[in-house]
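Written out below as structure tokens is the structure these notes cover.
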Amino acid sequence: FFDEDFFAYNEDVDIDWRMQLAGFKVWYERTAVVWHKHSATSSKIPGFTINQVFKNLPQVFWKNVPFPMILPMFFKFYAVYWAFVIYRIPKGGVKFALKGIWQGTLLIPKSLKKRREIQGKKVVSNEYLKSILYHGLPLKQVNRIKKFLKLKR
């Protein structure tokens, strides 16, 4: 089920999209406990997390978002994507972000090829997908944008 082009970061989002499109139901289990050491491996490699996030996010978008939903989601997706690049500037991670963007851009043709297969297996309606998506900006991103705008003043 996992896409071999994802080494780490957002592979869970990708598989969730594909499972939802194929008709599997995913739910929140409030009693589940997950033990996860944050950045246990990636913290040892400078810029690894930033690079992987920027490489993988566009793949998730281009592979999984159904055609009628692309245009409405495109601007919001890329607004948050580029806001995060700008957020990385004062933190010194922009070169890793740009590397990830370049790698992700090179993978778009491959993602579009995978898209045909994924969308061909889609059994749920676009209305269903819209109903399970969060339509606002993630709070974390809103706070980052506010913080960045304060730095610019």
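Every chain in the structure tokens takes a letter, A first, then B, and so on in the order presented; its residues are numbered from 1, and the ligands are numbered from 1 following the presented order.
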Can you tell me which residues surround region 110-126 of chain A at a distance of at most 8 Å, considering only C-alpha atoms, apart from same-chain residues fewer than 2 positions away, and format the answer as a short mmCIF file (atom, residue, chain, number, x, y, z; two decimals) with C-alpha atoms, in the first residue's frame?
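Just written: out25.cif:
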```cif
data_model
loop_
_atom_site.label_atom_id
_atom_site.label_comp_id
_atom_site.auth_asym_id
_atom_site.auth_seq_id
_atom_site.Cartn_x
_atom_site.Cartn_y
_atom_site.Cartn_z
CA ARG A 18 -5.95 6.27 -1.31
CA GLN A 20 -10.66 6.67 1.38
CA LEU A 21 -10.86 6.88 -2.43
CA ALA A 22 -11.05 3.07 -2.62
CA GLY A 23 -13.98 3.03 -0.19
CA GLN A 59 2.70 14.17 -4.67
CA TRP A 62 -1.55 15.48 -7.53
CA LYS A 63 -2.08 11.74 -7.00
CA ASN A 64 -5.19 11.83 -4.87
CA PRO A 66 -10.19 14.17 -7.77
CA PRO A 68 -13.38 18.47 -9.90
CA MET A 69 -11.77 19.30 -6.55
CA LEU A 107 8.14 13.67 -9.47
CA ILE A 108 4.94 15.33 -10.77
CA TYR A 128 -18.25 12.38 0.44
CA LEU A 129 -14.62 13.50 0.16
CA LYS A 130 -15.60 17.13 0.64
#
```
For each of A:Leu133, A:Lys55, A:Lys44, A:Ile50, take the minimum atom-to-atom distance to Ile89 (chain A), counting only C-alpha atoms, then give the residue where this is smallest.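 Among the listed residues, A:Ile50 lies closest to Ile89 (chain A).
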Would you return as a ChimeraX atom specification the members of region 12-84 of chain A that DSSP assigns to helix (DSSP H, G or I) on this structure's backbone? /A:12-21,42-44,48-64,67-84
Could you check how far CA of Val85 (chain A) sits from CA of Leu98 (chain A), in Å to one decimal?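 So the answer is 8.0 Å.
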